[in-house]
Amino acid sequence: MKKLLKIAALSVTALTLAVAHADETAIKQMLAKSMPDVRVDSVRPSDIKGIYEVMVGANILYATEDGKYIFQGRLIDVESRADLTEQKLGAVRLAALDKLGEAKMIIFKAKIPKYTVTIFTDIDCAYCRKLHSEIDSYMAQGITIRYVFFPRAGKGSESYNKAVSVWCAKDRNAALTAAKKDQSIDNKSCENPVDEHMQLAADFDVKGTPMIITEKGNVYPGYLPAKELVQALEIEKKPR
């Protein structure tokens with residue numbers, strides 16, 4: 001009897017996996033047909049029965065099991081009040097930043113690092129300049145800042161060219177500080193990751209700068225003074 005129950009359980013599991021796989025395939029095929037320019041990275045069951053989670057770059061869409069309907073929004077667990085979509089997006093952001101790698105970032109490292117944040121910055125953005133003018137305060141609080149560029153005016157703009165020149169400078173940190181102070185820097189060109197930074201900003205749906213991403217993948221849009229940022233990072237570290 002136990003053997004029969006075990007066989008039945010395995011059969012049900014196999015059938016469930018087969019159906020899930022079929023649904024995932026159907027969704028991919030439907031999206032490929034209706035939106036050929038969209039790159040679908042993965043399709044998997046969501047926390048809601050009959051609804052699938054579709055990962056497109058660093059964004060999440062939701063689809064019905066036949067792929068006929070898709071929608072975008074936040075999936076909230078009412079009982080725990082947890083934003084399940086944001087939790088998934090946080091992990092995706094961190095994976096994307098890890099893939100980019102610190103070798104393609106400009107890093108201002110705290111002497112005694114307690115926290116690390118990644119900031120999308122525009123050299124000519126007023127609040128980006130204000131944040132950077134207080135860089136010593138952030139590092140004194142133990143915050144290491146990793147910069148990636150998002151020149152909002154686009155490729156070929158003055159801000160874009162400044163970002164390239166900063167990257168190509170002998171001392172990138174000094175060049176970035178000078179550029180943020182509106183001081184002239186040498187125009188330079190070399191192999192650089194600015195286009196990769198901009199693509200990442202598009203994937204993350206960055207609307208403005210500065211945009212701060214924490215070690216948990218959470219987002220704080222806009223300028224935050226060092227003390228306020230530390231408070232936010234402390235709260236983030238506390239178990240929930």
# chains A, B, ... in the order shown; residues from 1 in each chain; ligands from 1
call {"tool": "residues_around", "arguments": {"residues": "Thr64 of chain A", "least_positions_apart": "5", "cutoff": "7 Å", "atoms": "only C-alpha atoms", "output": "NGL selection string"}}
result
:A and (50-52 or 69-70)
call {"tool": "write_last_selection", "arguments": {"atoms": "N, CA and C atoms", "output": "short mmCIF file (atom, residue, chain, number, x, y, z; two decimals), in the first residue's frame"}}
result
data_model
loop_
_atom_site.label_atom_id
_atom_site.label_comp_id
_atom_site.auth_asym_id
_atom_site.auth_seq_id
_atom_site.Cartn_x
_atom_site.Cartn_y
_atom_site.Cartn_z
N GLY A 50 -2.17 29.90 -10.94
CA GLY A 50 -2.62 30.25 -12.27
C GLY A 50 -1.97 31.50 -12.85
N ILE A 51 -1.16 32.18 -12.03
CA ILE A 51 -0.45 33.37 -12.49
C ILE A 51 1.05 33.08 -12.50
N TYR A 52 1.70 33.46 -13.58
CA TYR A 52 3.13 33.19 -13.72
C TYR A 52 3.95 34.49 -13.67
N TYR A 69 -2.89 37.03 -21.37
CA TYR A 69 -2.93 38.31 -20.67
C TYR A 69 -1.66 38.49 -19.84
N ILE A 70 -1.12 39.70 -19.88
CA ILE A 70 0.01 40.04 -19.01
C ILE A 70 -0.31 41.35 -18.30
#
call {"tool": "residues_around", "arguments": {"residues": "Leu84 of chain A", "least_positions_apart": "6", "cutoff": "7 Å", "atoms": "only C-alpha atoms", "output": "MDAnalysis selection string"}}
result
chainID A and resid 75:77
call {"tool": "residues_around", "arguments": {"residues": "Gly154 of chain A", "least_positions_apart": "3", "cutoff": "12 Å", "atoms": "only C-alpha atoms", "output": "list in words"}}
result
Asp122, Phe149, Phe150, Pro151, Ser157, Glu158, Ser159, Tyr160, Asn161, Lys162, Ala163, Val194, Asp195, His197, Met198, Gln199, Ala201 and Ala202 of chain A
call {"tool": "closest_residue", "arguments": {"among": "A:Ser46, A:Asn59, A:Thr116, A:Thr121", "to": "Ala96 of chain A", "atoms": "only C-alpha atoms"}}
result
A:Asn59
call {"tool": "residues_around", "arguments": {"residues": "segment 219-230 of chain A", "least_positions_apart": "5", "cutoff": "6 Å", "atoms": "only C-alpha atoms", "output": "PDB file with N, CA and C atoms, in the first residue's frame"}}
result
ATOM      1  N   TYR A 138      29.634  60.621   4.370  1.00  0.00           N
ATOM      2  CA  TYR A 138      29.160  59.256   4.141  1.00  0.00           C
ATOM      3  C   TYR A 138      30.221  58.245   4.545  1.00  0.00           C
ATOM      4  N   PRO A 210      20.257  61.432  -7.907  1.00  0.00           N
ATOM      5  CA  PRO A 210      20.874  60.132  -7.659  1.00  0.00           C
ATOM      6  C   PRO A 210      19.833  59.067  -7.329  1.00  0.00           C
ATOM      7  N   MET A 211      20.160  57.817  -7.625  1.00  0.00           N
ATOM      8  CA  MET A 211      19.341  56.692  -7.192  1.00  0.00           C
ATOM      9  C   MET A 211      20.235  55.728  -6.433  1.00  0.00           C
ATOM     10  N   ILE A 212      19.875  55.497  -5.189  1.00  0.00           N
ATOM     11  CA  ILE A 212      20.697  54.698  -4.273  1.00  0.00           C
ATOM     12  C   ILE A 212      20.149  53.279  -4.176  1.00  0.00           C
ATOM     13  N   ILE A 213      21.038  52.301  -4.323  1.00  0.00           N
ATOM     14  CA  ILE A 213      20.652  50.893  -4.172  1.00  0.00           C
ATOM     15  C   ILE A 213      21.463  50.302  -3.023  1.00  0.00           C
TER      16      ILE A 213
END
call {"tool": "residues_around", "arguments": {"residues": "Asp182 of chain A", "least_positions_apart": "3", "cutoff": "10 Å", "atoms": "only C-alpha atoms", "output": "list in words"}}
result
Ile123, Asp124, Arg129, Leu176, Thr177, Ala178, Ala179 and Ile185 of chain A
call {"tool": "select_by_dssp", "arguments": {"residues": "segment 88-154 of chain A", "states": "strand (DSSP E or B)", "output": "JSON, numbers by chain"}}
result
{"A": [106, 107, 108, 115, 116, 117, 118, 119, 120, 121, 143, 144, 145, 146, 147, 148, 149]}
call {"tool": "write_last_selection", "arguments": {"atoms": "N, CA, C and O atoms", "output": "mmCIF file, in the first residue's frame"}}
result
data_model
loop_
_atom_site.group_PDB
_atom_site.id
_atom_site.type_symbol
_atom_site.label_atom_id
_atom_site.label_comp_id
_atom_site.auth_asym_id
_atom_site.auth_seq_id
_atom_site.Cartn_x
_atom_site.Cartn_y
_atom_site.Cartn_z
ATOM 1 N N ILE A 106 33.200 53.274 -9.961
ATOM 2 C CA ILE A 106 34.127 54.180 -9.285
ATOM 3 C C ILE A 106 33.758 54.150 -7.810
ATOM 4 O O ILE A 106 32.629 54.485 -7.436
ATOM 5 N N ILE A 107 34.704 53.734 -6.979
ATOM 6 C CA ILE A 107 34.389 53.430 -5.580
ATOM 7 C C ILE A 107 35.100 54.383 -4.624
ATOM 8 O O ILE A 107 36.306 54.604 -4.724
ATOM 9 N N PHE A 108 34.319 54.929 -3.711
ATOM 10 C CA PHE A 108 34.853 55.730 -2.607
ATOM 11 C C PHE A 108 34.652 54.889 -1.349
ATOM 12 O O PHE A 108 33.534 54.732 -0.859
ATOM 13 N N TYR A 115 28.683 49.625 5.583
ATOM 14 C CA TYR A 115 27.626 49.475 4.590
ATOM 15 C C TYR A 115 28.200 49.784 3.211
ATOM 16 O O TYR A 115 29.194 50.502 3.086
ATOM 17 N N THR A 116 27.554 49.254 2.195
ATOM 18 C CA THR A 116 27.921 49.571 0.817
ATOM 19 C C THR A 116 26.655 49.908 0.042
ATOM 20 O O THR A 116 25.665 49.169 0.116
ATOM 21 N N VAL A 117 26.682 51.026 -0.659
ATOM 22 C CA VAL A 117 25.563 51.386 -1.525
ATOM 23 C C VAL A 117 26.094 51.657 -2.924
ATOM 24 O O VAL A 117 27.243 52.061 -3.102
ATOM 25 N N THR A 118 25.254 51.409 -3.898
ATOM 26 C CA THR A 118 25.576 51.708 -5.291
ATOM 27 C C THR A 118 24.684 52.854 -5.725
ATOM 28 O O THR A 118 23.475 52.831 -5.474
ATOM 29 N N ILE A 119 25.277 53.873 -6.355
ATOM 30 C CA ILE A 119 24.521 55.072 -6.718
ATOM 31 C C ILE A 119 24.633 55.355 -8.209
ATOM 32 O O ILE A 119 25.739 55.476 -8.750
ATOM 33 N N PHE A 120 23.469 55.448 -8.867
ATOM 34 C CA PHE A 120 23.440 55.944 -10.240
ATOM 35 C C PHE A 120 23.565 57.458 -10.164
ATOM 36 O O PHE A 120 22.765 58.121 -9.485
ATOM 37 N N THR A 121 24.568 58.003 -10.851
ATOM 38 C CA THR A 121 24.840 59.428 -10.740
ATOM 39 C C THR A 121 24.978 60.086 -12.106
ATOM 40 O O THR A 121 25.360 59.442 -13.087
ATOM 41 N N ILE A 143 29.989 54.297 5.268
ATOM 42 C CA ILE A 143 29.303 53.968 4.015
ATOM 43 C C ILE A 143 30.290 54.017 2.850
ATOM 44 O O ILE A 143 30.872 55.063 2.569
ATOM 45 N N THR A 144 30.477 52.884 2.201
ATOM 46 C CA THR A 144 31.249 52.827 0.959
ATOM 47 C C THR A 144 30.295 53.093 -0.193
ATOM 48 O O THR A 144 29.226 52.483 -0.276
ATOM 49 N N ILE A 145 30.690 54.019 -1.072
ATOM 50 C CA ILE A 145 29.830 54.388 -2.202
ATOM 51 C C ILE A 145 30.438 53.898 -3.505
ATOM 52 O O ILE A 145 31.597 54.184 -3.813
ATOM 53 N N ARG A 146 29.640 53.154 -4.257
ATOM 54 C CA ARG A 146 30.034 52.664 -5.573
ATOM 55 C C ARG A 146 29.208 53.428 -6.613
ATOM 56 O O ARG A 146 27.985 53.324 -6.633
ATOM 57 N N TYR A 147 29.894 54.182 -7.465
ATOM 58 C CA TYR A 147 29.197 54.984 -8.468
ATOM 59 C C TYR A 147 29.106 54.264 -9.806
ATOM 60 O O TYR A 147 30.074 53.653 -10.276
ATOM 61 N N VAL A 148 27.945 54.369 -10.434
ATOM 62 C CA VAL A 148 27.781 54.025 -11.847
ATOM 63 C C VAL A 148 27.117 55.231 -12.506
ATOM 64 O O VAL A 148 26.377 55.982 -11.867
ATOM 65 N N PHE A 149 27.388 55.427 -13.780
ATOM 66 C CA PHE A 149 26.938 56.642 -14.457
ATOM 67 C C PHE A 149 25.571 56.480 -15.116
ATOM 68 O O PHE A 149 25.279 55.471 -15.745
#
call {"tool": "closest_residue", "arguments": {"among": "A:Ile27, A:Ile112, A:Leu200, A:Met105", "to": "Gly57 of chain A", "atoms": "only C-alpha atoms"}}
result
A:Leu200
call {"tool": "closest_residue", "arguments": {"among": "A:Ala175, A:Leu97, A:Ala232, A:Leu131", "to": "Ala58 of chain A", "atoms": "only C-alpha atoms"}}
result
A:Leu97
call {"tool": "select_by_dssp", "arguments": {"residues": "segment 17-57 of chain A", "states": "alpha helix (DSSP H)", "output": "number ranges by chain"}}
result
A: 17-34
call {"tool": "write_last_selection", "arguments": {"atoms": "C-alpha atoms", "output": "short mmCIF file (atom, residue, chain, number, x, y, z; two decimals), in the first residue's frame"}}
result
data_model
loop_
_atom_site.label_atom_id
_atom_site.label_comp_id
_atom_site.auth_asym_id
_atom_site.auth_seq_id
_atom_site.Cartn_x
_atom_site.Cartn_y
_atom_site.Cartn_z
CA LEU A 17 5.83 19.64 -13.30
CA ALA A 18 4.81 18.70 -16.83
CA VAL A 19 1.80 21.05 -16.70
CA ALA A 20 3.90 23.85 -15.25
CA HIS A 21 6.50 23.36 -17.96
CA ALA A 22 3.77 23.37 -20.60
CA ASP A 23 2.37 26.65 -19.21
CA GLU A 24 5.82 28.23 -19.15
CA THR A 25 6.37 27.18 -22.76
CA ALA A 26 2.97 28.53 -23.79
CA ILE A 27 3.70 31.87 -22.16
CA LYS A 28 7.12 32.16 -23.80
CA GLN A 29 5.66 31.29 -27.20
CA MET A 30 2.80 33.77 -26.85
CA LEU A 31 5.13 36.59 -25.74
CA ALA A 32 7.65 35.80 -28.50
CA LYS A 33 4.82 36.05 -31.03
CA SER A 34 3.19 39.21 -29.70
#
call {"tool": "atom_distance", "arguments": {"atom1": "atom CA of Gln87 of chain A", "atom2": "atom CA of Gly217 of chain A"}}
result
8.3 Å
call {"tool": "decode", "arguments": {"residues": "segment 50-62 of chain A", "atoms": "all heavy atoms", "output": "compact mmCIF listing (two decimals), in the first residue's frame"}}
result
# COMPACT_ATOMS: atom_id res chain seq x y z
N GLY A 50 -2.17 29.90 -10.94
CA GLY A 50 -2.62 30.25 -12.27
C GLY A 50 -1.97 31.50 -12.85
O GLY A 50 -2.20 31.84 -14.00
N ILE A 51 -1.16 32.18 -12.03
CA ILE A 51 -0.45 33.37 -12.49
C ILE A 51 1.05 33.08 -12.50
O ILE A 51 1.58 32.53 -11.53
CB ILE A 51 -0.74 34.59 -11.59
CG1 ILE A 51 -2.24 34.90 -11.59
CG2 ILE A 51 0.06 35.81 -12.04
CD1 ILE A 51 -2.79 35.30 -12.95
N TYR A 52 1.70 33.46 -13.58
CA TYR A 52 3.13 33.19 -13.72
C TYR A 52 3.95 34.49 -13.67
O TYR A 52 3.49 35.54 -14.10
CB TYR A 52 3.41 32.45 -15.04
CG TYR A 52 3.07 30.98 -14.94
CD1 TYR A 52 1.74 30.55 -14.91
CD2 TYR A 52 4.07 30.03 -14.85
CE1 TYR A 52 1.43 29.21 -14.79
CE2 TYR A 52 3.77 28.68 -14.73
CZ TYR A 52 2.44 28.28 -14.70
OH TYR A 52 2.14 26.94 -14.57
N GLU A 53 5.13 34.35 -13.12
CA GLU A 53 6.07 35.47 -12.99
C GLU A 53 7.00 35.45 -14.20
O GLU A 53 7.68 34.45 -14.45
CB GLU A 53 6.86 35.29 -11.70
CG GLU A 53 7.92 36.32 -11.44
CD GLU A 53 8.74 35.93 -10.21
OE1 GLU A 53 8.18 36.01 -9.10
OE2 GLU A 53 9.90 35.50 -10.38
N VAL A 54 7.02 36.53 -14.94
CA VAL A 54 7.85 36.63 -16.15
C VAL A 54 8.96 37.64 -15.90
O VAL A 54 8.69 38.82 -15.66
CB VAL A 54 7.01 37.07 -17.37
CG1 VAL A 54 7.88 37.11 -18.63
CG2 VAL A 54 5.82 36.13 -17.57
N MET A 55 10.20 37.17 -15.95
CA MET A 55 11.33 38.05 -15.70
C MET A 55 11.84 38.60 -17.03
O MET A 55 12.23 37.85 -17.92
CB MET A 55 12.45 37.28 -15.00
CG MET A 55 13.57 38.16 -14.47
SD MET A 55 13.02 39.27 -13.16
CE MET A 55 12.61 38.10 -11.86
N VAL A 56 11.82 39.91 -17.16
CA VAL A 56 12.31 40.59 -18.36
C VAL A 56 13.39 41.56 -17.92
O VAL A 56 13.09 42.64 -17.40
CB VAL A 56 11.17 41.32 -19.09
CG1 VAL A 56 11.71 42.04 -20.33
CG2 VAL A 56 10.06 40.36 -19.48
N GLY A 57 14.65 41.18 -18.11
CA GLY A 57 15.73 42.02 -17.62
C GLY A 57 15.64 42.14 -16.11
O GLY A 57 15.59 41.14 -15.40
N ALA A 58 15.57 43.39 -15.62
CA ALA A 58 15.44 43.61 -14.18
C ALA A 58 14.01 44.01 -13.82
O ALA A 58 13.79 44.68 -12.82
CB ALA A 58 16.42 44.69 -13.73
N ASN A 59 13.05 43.58 -14.64
CA ASN A 59 11.65 43.89 -14.38
C ASN A 59 10.84 42.60 -14.32
O ASN A 59 11.22 41.58 -14.89
CB ASN A 59 11.09 44.78 -15.49
CG ASN A 59 11.71 46.17 -15.47
OD1 ASN A 59 11.45 46.95 -14.56
ND2 ASN A 59 12.53 46.48 -16.45
N ILE A 60 9.72 42.68 -13.62
CA ILE A 60 8.84 41.53 -13.47
C ILE A 60 7.47 41.84 -14.05
O ILE A 60 6.87 42.88 -13.74
CB ILE A 60 8.69 41.12 -11.99
CG1 ILE A 60 10.02 40.61 -11.44
CG2 ILE A 60 7.61 40.05 -11.82
CD1 ILE A 60 9.98 40.27 -9.96
N LEU A 61 7.00 40.96 -14.92
CA LEU A 61 5.63 41.01 -15.42
C LEU A 61 4.90 39.79 -14.89
O LEU A 61 5.53 38.82 -14.45
CB LEU A 61 5.61 40.99 -16.95
CG LEU A 61 6.40 42.08 -17.70
CD1 LEU A 61 6.34 41.82 -19.19
CD2 LEU A 61 5.86 43.45 -17.38
N TYR A 62 3.59 39.81 -14.94
CA TYR A 62 2.81 38.65 -14.55
C TYR A 62 1.93 38.24 -15.73
O TYR A 62 1.46 39.09 -16.49
CB TYR A 62 1.96 38.95 -13.32
CG TYR A 62 2.80 39.22 -12.09
CD1 TYR A 62 3.06 40.52 -11.68
CD2 TYR A 62 3.37 38.17 -11.38
CE1 TYR A 62 3.86 40.77 -10.57
CE2 TYR A 62 4.16 38.41 -10.27
CZ TYR A 62 4.41 39.72 -9.87
OH TYR A 62 5.22 39.96 -8.78
